[in-house]
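> The structure follows.
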Amino acid sequence: WADYYFEYTECDSTGSRWRVAIPRTPGACTGLPEPVRGTECTFSCRAGEFLEMSSQECTQCPAGTYSLGSGIRFDQWDSLPPGFSSLATSLENGQDRDIKATCNSSSWLPQGNYLESNSDECTVSLIYAVHLKKKGSVSFDYQYPDSNLLFEFFIQNDQCQEMDQSADTKWLKLTKHGEWASHTVSLNLKSGTNVLYWRTGGILMGTKVVKPVLLKNIQIEGVAYTSECFRCKPGTFSRAPGSSSCDLCPQDTFSGHGASSCTPCNTSEGSDKCKARPPCSKKDYFKIHTACDNDGKTQIIYKWIEPKICLEGVPGAQTLPSSGDREPCPPCNPGFYNNDTATCSPCPPGTYSDGMKPCQSCPAGTEPTLGYEYKWWNVLPSNMKTSCLNVGNSKCDKMHGWEVAGDHIYSGAGGSDNDYLILNLHIPGFKLPTSASSDSATEYGRITFEFETLCTADCVMYFMMVSTASRSTTIVESWGKTQTRQTYTHIMTKNASVAYTWAFQRTGQPYDTRLYMNDVARIYSITVNNAVDGQSSGCRVCALSAQSTSSACVPCPPGHYIDTDSNQCKECPSNTYLVSHASLGSEACKACGPASRSDEDHRLCYSDCHFTYTDGNLTLMYNFSLLGATGSLMNGPSFTSKGTKYFHLFNISLCGGQVSKRTTCSDNVTDLSVSDSQGEKGDGPSAVKTFICQSTIIPATGRGFNSALSSQSINLADTFLGATVEDHFEGISAKPNQYPQISKKVPDVNFYYRSLEPTSSCESGRSTVVTLRCNPVMSIKGQLSVPSQCPAGTCDGCTFYFLWESSGACPICTERDYHQIEGVCRGGNQEILFVWAEPKLCMGGVTLPEKKTLPCKSMELWVRLSAVMGTFTAVLLVSLTCYFWKKNKRLEYKYSRLIMSANKECEMPGADSCAVMEGENEGDMEDEVVYTKPSILGKLKAIASKRNGDHYENVQLNSSQSRALVWS
């Protein structure tokens, strides 16, 4: 018997089979029993029985064991049970052995009560082959708290063909931290070998460590029999033969493997051994605040951590401190009142209170502000719950995870250092103020809490959101190690029933003793506004009806604000948007940025794809709709530390205000597990619909998965700030030096965006700049790129930069972008051509005019007239020149004669003789000298007759008997 075992052959066409002996080690023994005819193929055993192969009869399992009859259960994981294997697949096809070897150490690890997956980026499969005899099912419990780890379950047949499965059965849903979920898949398959795969693969970008998947209680139905019984695991027992399950040992007892009874000792329920009880210390008790009594007093008391495993009254043992003095209770939280009783009661609907005064009715024209405002912690609010969860044990199952402490609530003791201490707040939905329009709301509510952590180990606090409808869990934010007192806000963009959860874990390492009891998380206040079942701490102004007889609040149409003077609704001005949680009045309407406009409901601003730039007399007009509805860029590839290839996919939607026109990034892993009730495809809880978003893409070739995976979708731009040619806008720099520009004839246009949701690294949210550059040699769709120094699109994780080069980003063509060329006159005709100015830096707009042919034109009249006048002027100038030249010669002659006659007598003539010409009678002339004013012609003569630089005036001598002589 020790050398061989029995097994049945496959059933033949007649429904018969044979029992054969199979050596445990091939070739190690001889003389095996001969095959004998086996039981019928339809044969099966009942629960609590097994098939005794030697006699081929069903036999009851002995005490201390159990069986499922036609099923197999695996609930003890000290080691991998026979038939299970863990296989790490290679990261990338074609990579060298050194890179492939980096995943050899990754596997599913047995941890006693459960299996733990790898927590790195390797793809690891847990494989089990089962031989089905009939239709059945497979079920298991799991924990899957981290979306950075992909987790799928699928089935293959003996031909390695994957069976058809719905996405809901293949991709596992996320769970809350410390919470176990059950998963069942029907095996409605033909009988034969079926291979079950539990496969995980991490997406590890950076230093963050993912939480592993935990697996336990695997049960497979559909086998005709089990040939052996399973021993009860330690801490359990089965007293009677024929048991189908084992029971937990009671408290103060223990048991080992296969126990039929439990042995008494001082230990906790379900223990597998007795442990020495150490002396009590400060780590074994904790303090709590009692509820207010009838006198309005509270008291600090100390309690032992249950189950109490320490000993009092031994040397070195710490005694339980005495209770503190009774102190006045803190006031009620806003929205509650105290009617001289020990408890705080919520104010009636329509009334409000600050927690210290009686409830009052809101004045006319106002309404209560609904919500929760918890800042005093005398008792846990009725809509909050606290619990303690631990993966490996159940010591803290009945403990409180958090304890109230007057002005704060803090993480409790728990059962061990690696417990998850859970605080849960349920909100059935959100209700906007009466005057607000739900049709145009971009924010339905927000939760704000103030907290701090004090840690000496690797503690972590998670803030999660669980959708009640889809049961999907989203980790909103997490904080590790010590965190100073700070405030965090999360905005709800959808109206849904949700549960907010805070989970604190002191360390992820399981220790037998407590080491970090002083590590603590404290929450000082939690505020939720617009909660549908909330209380009111004050009143807000609301809109009144236009009818003066009515003082009831009325809703405002979308895009309207409340006028503070009339308390009536008024529409926001054109190209403004209504700001949520803004002050009343027209200040609630904020102007849209440059080159943007508001939608009809004044919810947001967007670009209509048209842009105009004016510089002096130059005006450029753009139409970016030519670029298309969405631009996509996949950069990379990039590689993680272990060689996993991944890409970053960016989707950009520049224009359009409707939600349907924005781009979408979705997670095709977690979205597949969302029920159809979530609406249209890609609109699940992990889908991001915005102007610009990013997804991490893992190709199918290297991870062992059957399709490319899209995960970690983030919102980069949900608010359009404006478009401008300036390099700085709203505190965001476009950094133009990242994209050297050769030509500056056409300026770049920068689109500025911002995502207002803060992150741990970006307290003010993310911002994005899309630079549009005219490049006429590219296509209209163009090409997107990121800065070379920031290959991931960002260098700091908060500001993203993109360059979109395209001919579609060029300005619209106008008449100034072309010029005409006149050809020579041939045959009486002249051609006029129109050509674009080079380089052509425009797109669309006016078209280039056709070539024209015109008759040659004769010389113009003014040209001919100018020629005649020029000729006449030239002739006149020549004539005047000749005249004055001749006249000058005559005067020179006369002057010479006068000089010669004077020198002949060697004396000057008498005063009464004025150089009388020969033959003239001096007595016949009158001695009269007449000065005349020189005429214009005389002046010209004087100029022409100048000699040796001397100038003389003309003197005319008149006589009644002789003609005048002129001196010159």
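Ordered as shown in the structure tokens, chains take letters A, B, and onward, while each chain numbers its residues from 1 and ligands are numbered from 1 in the order shown.
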What lies within 8 Å of stretch 765-779 of chain A using only C-alpha atoms, ignoring chain neighbours under 4 positions off, as a VMD selection string?
chain A and resid 716 to 717 732 734 746 to 759 783 797 to 811 840 to 842
> Hey, can you spit out that residue selection with C-alpha atoms as an mmCIF file, in the first residue's frame?

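Okay, part_5.cif is ready:
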```
data_model
loop_
_atom_site.group_PDB
_atom_site.id
_atom_site.type_symbol
_atom_site.label_atom_id
_atom_site.label_comp_id
_atom_site.auth_asym_id
_atom_site.auth_seq_id
_atom_site.Cartn_x
_atom_site.Cartn_y
_atom_site.Cartn_z
ATOM 1 C CA LEU A 716 -5.387 65.717 -15.806
ATOM 2 C CA ALA A 717 -7.781 68.481 -16.872
ATOM 3 C CA ILE A 732 1.033 78.095 -14.963
ATOM 4 C CA ALA A 734 4.122 76.965 -20.707
ATOM 5 C CA VAL A 746 2.998 82.465 -36.507
ATOM 6 C CA PRO A 747 2.942 82.337 -32.683
ATOM 7 C CA ASP A 748 2.180 79.167 -30.727
ATOM 8 C CA VAL A 749 -1.223 78.990 -29.051
ATOM 9 C CA ASN A 750 -1.246 77.576 -25.492
ATOM 10 C CA PHE A 751 -4.337 75.876 -24.057
ATOM 11 C CA TYR A 752 -4.261 75.964 -20.241
ATOM 12 C CA TYR A 753 -6.123 73.403 -18.116
ATOM 13 C CA ARG A 754 -6.317 72.465 -14.460
ATOM 14 C CA SER A 755 -7.638 69.510 -12.461
ATOM 15 C CA LEU A 756 -8.878 70.796 -9.129
ATOM 16 C CA GLU A 757 -8.738 67.443 -7.351
ATOM 17 C CA PRO A 758 -5.752 67.536 -4.952
ATOM 18 C CA THR A 759 -3.356 64.641 -4.476
ATOM 19 C CA GLN A 783 1.405 64.814 -34.207
ATOM 20 C CA GLY A 797 3.996 64.783 -11.567
ATOM 21 C CA CYS A 798 1.853 67.916 -11.214
ATOM 22 C CA THR A 799 2.235 69.879 -14.473
ATOM 23 C CA PHE A 800 1.951 68.135 -17.846
ATOM 24 C CA TYR A 801 3.127 69.508 -21.181
ATOM 25 C CA PHE A 802 2.126 68.535 -24.722
ATOM 26 C CA LEU A 803 3.081 69.884 -28.138
ATOM 27 C CA TRP A 804 0.592 69.410 -30.967
ATOM 28 C CA GLU A 805 2.206 70.220 -34.312
ATOM 29 C CA SER A 806 -0.131 70.266 -37.271
ATOM 30 C CA SER A 807 -1.083 72.128 -40.402
ATOM 31 C CA GLY A 808 -4.526 72.289 -38.817
ATOM 32 C CA ALA A 809 -3.007 74.532 -36.127
ATOM 33 C CA CYS A 810 -2.149 77.192 -38.723
ATOM 34 C CA PRO A 811 -4.283 80.372 -38.967
ATOM 35 C CA LYS A 840 2.616 79.188 -46.636
ATOM 36 C CA LEU A 841 1.573 79.433 -42.952
ATOM 37 C CA CYS A 842 -2.208 79.255 -43.211
#
```
> List as CSV every residue of stretch 324-360 of chain A that is in contact with stretch 398-419 of chain A, defined as an atom at most 12 Å from one of its atoms (using only C-alpha atoms), together with the nearest atom pair and the distance in Å rounded to one decimal, sorted by chain and then rising number.

```
residue,atom,partner,partner_atom,distance
A:Glu327,CA,A:Gly406,CA,10.4
A:Pro328,CA,A:Gly406,CA,10.2
A:Cys329,CA,A:Gly406,CA,7.8
A:Pro330,CA,A:Gly406,CA,6.4
A:Pro331,CA,A:Gly406,CA,9.5
A:Cys332,CA,A:Gly406,CA,10.8
A:Asn333,CA,A:Asp407,CA,10.7
```
> Applying 8 Å and only C-alpha atoms, which residues near stretch 260-262 of chain A remain after dropping the ones on its own chain fewer than 4 positions away? List them as a tab-separated table (two decimals) with N, CA, C and O atoms, in the first residue's frame.

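Contents of the output file around-v2.tsv:
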```
chain	number	residue	atom	x	y	z
A	63	ALA	N	-13.50	9.85	13.10
A	63	ALA	CA	-13.49	11.07	13.90
A	63	ALA	C	-12.16	11.80	13.71
A	63	ALA	O	-11.11	11.18	13.59
A	64	GLY	N	-12.20	13.11	13.69
A	64	GLY	CA	-10.99	13.92	13.47
A	64	GLY	C	-10.76	14.23	12.01
A	64	GLY	O	-9.81	14.94	11.69
A	65	THR	N	-11.63	13.70	11.13
A	65	THR	CA	-11.51	13.98	9.70
A	65	THR	C	-12.90	14.37	9.17
A	65	THR	O	-13.91	14.26	9.87
A	235	GLY	N	-6.76	23.58	15.86
A	235	GLY	CA	-7.74	24.50	16.40
A	235	GLY	C	-9.17	24.09	16.11
A	235	GLY	O	-10.10	24.77	16.53
A	236	THR	N	-9.35	22.95	15.38
A	236	THR	CA	-10.69	22.43	15.08
A	236	THR	C	-10.73	20.95	15.42
A	236	THR	O	-9.70	20.31	15.63
A	237	PHE	N	-11.96	20.40	15.40
A	237	PHE	CA	-12.10	18.97	15.71
A	237	PHE	C	-13.41	18.47	15.10
A	237	PHE	O	-14.32	19.25	14.79
A	238	SER	N	-13.49	17.17	14.91
A	238	SER	CA	-14.75	16.49	14.54
A	238	SER	C	-14.92	15.30	15.47
A	238	SER	O	-14.11	14.37	15.46
A	239	ARG	N	-15.96	15.37	16.27
A	239	ARG	CA	-16.11	14.38	17.34
A	239	ARG	C	-16.65	13.05	16.80
A	239	ARG	O	-16.22	11.98	17.21
A	240	ALA	N	-17.60	13.09	15.87
A	240	ALA	CA	-18.27	11.86	15.43
A	240	ALA	C	-17.78	11.46	14.05
A	240	ALA	O	-17.39	12.31	13.25
A	249	CYS	N	-12.43	24.75	18.19
A	249	CYS	CA	-12.27	24.43	19.60
A	249	CYS	C	-12.77	25.59	20.45
A	249	CYS	O	-12.55	26.75	20.11
A	250	PRO	N	-13.43	25.34	21.55
A	250	PRO	CA	-13.91	26.42	22.42
A	250	PRO	C	-12.74	27.18	23.03
A	250	PRO	O	-11.58	26.76	22.97
A	253	THR	N	-9.24	26.03	25.11
A	253	THR	CA	-8.87	24.69	24.67
A	253	THR	C	-8.06	24.83	23.39
A	253	THR	O	-8.04	25.89	22.75
A	254	PHE	N	-7.39	23.75	23.02
A	254	PHE	CA	-6.59	23.75	21.79
A	254	PHE	C	-6.64	22.35	21.19
A	254	PHE	O	-7.07	21.37	21.82
A	255	SER	N	-6.20	22.24	19.93
A	255	SER	CA	-6.14	20.95	19.25
A	255	SER	C	-5.08	21.00	18.17
A	255	SER	O	-4.70	22.08	17.69
```
> So, with only C-alpha atoms as the atoms that count, which of A:Gln712, A:Ser632, A:Asn294, A:Gln505 lies closest to A:Leu784?
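Smallest separation from A:Leu784 among the options: A:Ser632.
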> What's around stretch 231-234 of chain A at 12 Å? Count only C-alpha atoms, leave out sequence neighbours fewer than 5 positions away in its own chain, and write the answer as a count of residues only.
42
> When you count only C-alpha atoms, which of these residues is closest to A:Asp146: A:Pro558, A:Gly628, A:Pro212, A:Pro346?
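Closest residue, counting only C-alpha atoms: A:Pro212.
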> Between A:Trp198, A:Phe43, A:Tyr883, A:Phe639, which residue has the minimum interatomic distance to A:Ala792, considering only C-alpha atoms?
A:Phe639
> If I take atom CA of A:Glu116 and atom CA of A:Met464, how far is one from the other in Å, to one decimal?
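Going from atom CA of A:Glu116 over to atom CA of A:Met464 covers 22.4 Å.
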> Name the residues of stretch 130-302 of chain A that fall into strand (DSSP E or B) according to DSSP on the backbone, using the chain letters and numbers of this document, as an MDAnalysis selection string.
chainID A and resid 130:132 136:143 149:157 162 171 181:187 192:202 214:221 230:231 236:237 247:248 253:254 263:264 271 279 285:289 297:298 300:302
> Env of A:Ala496: 10 Å cut, atoms = only C-alpha atoms, seq-sep filter 2 positions within chain, self excluded. Answer as a list in words.
Ile427, Pro428, Gly429, Phe430, Tyr444, Ser467, Thr468, Ala469, Met492, Thr493, Lys494, Val498 and Ala499 of chain A
> Between A:Leu633, A:Val824, A:Val195, A:Met461, which one has atoms that come closest to A:Lys481, using only C-alpha atoms?
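Closest residue, counting only C-alpha atoms: A:Met461.
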> Which residues are close to A:Asp295, i.e. within 12 Å by only C-alpha atoms, leaving aside same-chain residues fewer than 4 positions away? Reply as a PDB file with N, CA and C atoms, in the first residue's frame.

```
ATOM      1  N   ALA A 291     -20.029  57.173  28.048  1.00  0.00           N
ATOM      2  CA  ALA A 291     -21.088  58.055  27.570  1.00  0.00           C
ATOM      3  C   ALA A 291     -21.523  59.001  28.679  1.00  0.00           C
ATOM      4  N   GLN A 299     -16.369  60.017  31.921  1.00  0.00           N
ATOM      5  CA  GLN A 299     -15.246  59.528  32.732  1.00  0.00           C
ATOM      6  C   GLN A 299     -14.338  58.674  31.860  1.00  0.00           C
ATOM      7  N   ARG A 326     -14.645  62.258  36.993  1.00  0.00           N
ATOM      8  CA  ARG A 326     -15.755  62.587  36.115  1.00  0.00           C
ATOM      9  C   ARG A 326     -15.608  64.024  35.630  1.00  0.00           C
ATOM     10  N   GLU A 327     -15.767  64.208  34.331  1.00  0.00           N
ATOM     11  CA  GLU A 327     -15.576  65.507  33.720  1.00  0.00           C
ATOM     12  C   GLU A 327     -16.833  65.896  32.957  1.00  0.00           C
ATOM     13  N   PRO A 328     -17.040  67.206  32.757  1.00  0.00           N
ATOM     14  CA  PRO A 328     -18.211  67.627  31.964  1.00  0.00           C
ATOM     15  C   PRO A 328     -18.127  67.062  30.543  1.00  0.00           C
ATOM     16  N   CYS A 329     -19.260  66.662  30.020  1.00  0.00           N
ATOM     17  CA  CYS A 329     -19.318  66.140  28.662  1.00  0.00           C
ATOM     18  C   CYS A 329     -19.073  67.258  27.652  1.00  0.00           C
ATOM     19  N   ASP A 340     -31.400  68.723  28.379  1.00  0.00           N
ATOM     20  CA  ASP A 340     -31.145  68.351  29.778  1.00  0.00           C
ATOM     21  C   ASP A 340     -31.209  66.839  29.966  1.00  0.00           C
ATOM     22  N   THR A 341     -30.732  66.125  28.963  1.00  0.00           N
ATOM     23  CA  THR A 341     -30.664  64.668  29.055  1.00  0.00           C
ATOM     24  C   THR A 341     -29.230  64.245  28.842  1.00  0.00           C
ATOM     25  N   ALA A 342     -29.013  62.959  28.928  1.00  0.00           N
ATOM     26  CA  ALA A 342     -27.652  62.436  28.801  1.00  0.00           C
ATOM     27  C   ALA A 342     -27.216  62.298  27.351  1.00  0.00           C
ATOM     28  N   THR A 343     -28.153  62.427  26.427  1.00  0.00           N
ATOM     29  CA  THR A 343     -27.815  62.217  25.021  1.00  0.00           C
ATOM     30  C   THR A 343     -28.167  63.447  24.213  1.00  0.00           C
TER      31      THR A 343
END
```
> Applying 8 Å and only C-alpha atoms, which residues near A:Gln483 remain after dropping the ones on its own chain fewer than 3 positions away? List them as a list in words.
Glu452, Thr453, Leu454, Trp479, Gly480 and Gln486 of chain A
> Please dump the current selection as an mmCIF file, in the first residue's frame; keep C-alpha atoms.

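Saved the output as again34.cif:
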```
data_model
loop_
_atom_site.group_PDB
_atom_site.id
_atom_site.type_symbol
_atom_site.label_atom_id
_atom_site.label_comp_id
_atom_site.auth_asym_id
_atom_site.auth_seq_id
_atom_site.Cartn_x
_atom_site.Cartn_y
_atom_site.Cartn_z
ATOM 1 C CA GLU A 452 -2.917 63.026 12.155
ATOM 2 C CA THR A 453 -0.873 59.840 12.609
ATOM 3 C CA LEU A 454 1.975 59.066 14.976
ATOM 4 C CA TRP A 479 -0.793 58.054 4.045
ATOM 5 C CA GLY A 480 2.205 56.227 5.434
ATOM 6 C CA GLN A 486 -3.770 68.202 8.346
#
```
> Under the rule that only C-alpha atoms are counted, which of A:Phe151, A:Phe6, A:Tyr225, A:Phe230 is the nearest residue to A:Tyr197?
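Residue with the minimum atom-to-atom distance to A:Tyr197: A:Phe151.
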